[in-house]
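Contents: one structure, followed by commentary.
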Amino acid sequence: MRTVFVAEYPVIQHRHDDGEIVSVRLRRRAGGHRAVCDGCQTEFVYRKPTASRTAHYKSPLLPPVKGNWDSSDTDD
Ligand SMILES: [Zn+2]
């Protein structure tokens with residue numbers, strides 16, 4: 001089974017290969033909050049987000065916009 005660490009709580013939304021958006025609810029277990037999705041055999045483990053060690057600044061120009069850019073950062 002795959003294990004995915006998530007920073008959302010208590011409901012994890014994820015996408016299956018068929019395009020369906022599935023929600024699973026984290027449950028308290030020994031060692032933390034977990035949820036298992038039978039549909040994709042994935043275990044979601046909650047990890048409390050930690051503060052970034054890098055300083056972040058708002059863009060002085062525009063808010064972040066998603067789109068098809070010519071640059072190569074097309075991870076999603
Ligand atoms: Zn799933």
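Chain lettering (A, B, ...) mirrors the order of the structure tokens, residue numbering begins at 1 for each chain separately, and ligand numbering begins at 1 in order of display.
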Surrounding residues as an mmCIF file with N, CA and C atoms, in the first residue's frame, ligand 1, max 12 Å, only C-alpha atoms and all ligand atoms:
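File result_25.cif, as written:
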data_model
loop_
_atom_site.group_PDB
_atom_site.id
_atom_site.type_symbol
_atom_site.label_atom_id
_atom_site.label_comp_id
_atom_site.auth_asym_id
_atom_site.auth_seq_id
_atom_site.Cartn_x
_atom_site.Cartn_y
_atom_site.Cartn_z
ATOM 1 N N MET A 1 0.848 -1.206 0.000
ATOM 2 C CA MET A 1 0.000 0.000 0.000
ATOM 3 C C MET A 1 0.876 1.245 0.000
ATOM 4 N N ARG A 2 0.479 2.205 -0.776
ATOM 5 C CA ARG A 2 1.198 3.469 -0.851
ATOM 6 C C ARG A 2 0.944 4.295 0.411
ATOM 7 N N THR A 3 1.913 5.053 0.825
ATOM 8 C CA THR A 3 1.733 5.962 1.951
ATOM 9 C C THR A 3 2.003 7.381 1.484
ATOM 10 N N VAL A 4 1.052 8.255 1.798
ATOM 11 C CA VAL A 4 1.187 9.649 1.399
ATOM 12 C C VAL A 4 1.070 10.502 2.647
ATOM 13 N N ILE A 12 -9.297 14.377 3.540
ATOM 14 C CA ILE A 12 -8.324 14.408 2.455
ATOM 15 C C ILE A 12 -9.056 14.151 1.153
ATOM 16 N N GLN A 13 -8.945 15.085 0.249
ATOM 17 C CA GLN A 13 -9.511 14.885 -1.080
ATOM 18 C C GLN A 13 -8.383 14.510 -2.016
ATOM 19 N N HIS A 14 -8.618 13.487 -2.804
ATOM 20 C CA HIS A 14 -7.608 13.085 -3.776
ATOM 21 C C HIS A 14 -8.308 12.542 -5.013
ATOM 22 N N ARG A 15 -7.522 12.375 -6.037
ATOM 23 C CA ARG A 15 -8.078 12.045 -7.339
ATOM 24 C C ARG A 15 -7.649 10.639 -7.719
ATOM 25 N N HIS A 16 -8.608 9.868 -8.184
ATOM 26 C CA HIS A 16 -8.298 8.534 -8.668
ATOM 27 C C HIS A 16 -7.988 8.585 -10.152
ATOM 28 N N ASP A 17 -7.473 7.468 -10.648
ATOM 29 C CA ASP A 17 -7.060 7.437 -12.049
ATOM 30 C C ASP A 17 -8.231 7.674 -12.997
ATOM 31 N N ASP A 18 -9.421 7.315 -12.561
ATOM 32 C CA ASP A 18 -10.583 7.511 -13.433
ATOM 33 C C ASP A 18 -11.124 8.937 -13.357
ATOM 34 N N GLY A 19 -10.443 9.789 -12.604
ATOM 35 C CA GLY A 19 -10.855 11.181 -12.540
ATOM 36 C C GLY A 19 -11.785 11.505 -11.397
ATOM 37 N N GLU A 20 -12.224 10.486 -10.669
ATOM 38 C CA GLU A 20 -13.145 10.717 -9.567
ATOM 39 C C GLU A 20 -12.413 11.345 -8.392
ATOM 40 N N ILE A 21 -13.025 12.369 -7.787
ATOM 41 C CA ILE A 21 -12.469 12.979 -6.591
ATOM 42 C C ILE A 21 -13.049 12.258 -5.380
ATOM 43 N N VAL A 22 -12.179 11.718 -4.556
ATOM 44 C CA VAL A 22 -12.601 10.906 -3.422
ATOM 45 C C VAL A 22 -12.148 11.582 -2.138
ATOM 46 N N SER A 23 -13.025 11.595 -1.142
ATOM 47 C CA SER A 23 -12.690 12.160 0.163
ATOM 48 C C SER A 23 -12.569 11.039 1.180
ATOM 49 N N VAL A 24 -11.537 11.076 1.962
ATOM 50 C CA VAL A 24 -11.404 10.158 3.090
ATOM 51 C C VAL A 24 -11.173 10.993 4.342
ATOM 52 N N ARG A 25 -11.638 10.462 5.458
ATOM 53 C CA ARG A 25 -11.528 11.194 6.719
ATOM 54 C C ARG A 25 -10.445 10.567 7.592
ATOM 55 N N ALA A 35 -5.683 7.730 7.423
ATOM 56 C CA ALA A 35 -6.859 7.314 6.683
ATOM 57 C C ALA A 35 -6.406 6.384 5.578
ATOM 58 N N VAL A 36 -7.207 5.380 5.308
ATOM 59 C CA VAL A 36 -6.888 4.443 4.233
ATOM 60 C C VAL A 36 -7.998 4.518 3.203
ATOM 61 N N CYS A 37 -7.604 4.658 1.958
ATOM 62 C CA CYS A 37 -8.574 4.628 0.872
ATOM 63 C C CYS A 37 -8.487 3.270 0.195
ATOM 64 N N ASP A 38 -9.571 2.516 0.250
ATOM 65 C CA ASP A 38 -9.573 1.202 -0.394
ATOM 66 C C ASP A 38 -9.555 1.320 -1.905
ATOM 67 N N GLY A 39 -10.073 2.415 -2.402
ATOM 68 C CA GLY A 39 -10.181 2.574 -3.847
ATOM 69 C C GLY A 39 -8.840 2.614 -4.544
ATOM 70 N N CYS A 40 -7.856 3.243 -3.920
ATOM 71 C CA CYS A 40 -6.547 3.336 -4.562
ATOM 72 C C CYS A 40 -5.450 2.767 -3.680
ATOM 73 N N GLN A 41 -5.853 2.053 -2.625
ATOM 74 C CA GLN A 41 -4.875 1.383 -1.762
ATOM 75 C C GLN A 41 -3.795 2.361 -1.302
ATOM 76 N N THR A 42 -4.249 3.488 -0.783
ATOM 77 C CA THR A 42 -3.323 4.513 -0.325
ATOM 78 C C THR A 42 -3.613 4.832 1.128
ATOM 79 N N GLU A 43 -2.565 4.919 1.903
ATOM 80 C CA GLU A 43 -2.724 5.338 3.280
ATOM 81 C C GLU A 43 -2.259 6.780 3.387
ATOM 82 N N PHE A 44 -3.110 7.606 3.953
ATOM 83 C CA PHE A 44 -2.773 9.007 4.158
ATOM 84 C C PHE A 44 -2.415 9.213 5.618
#
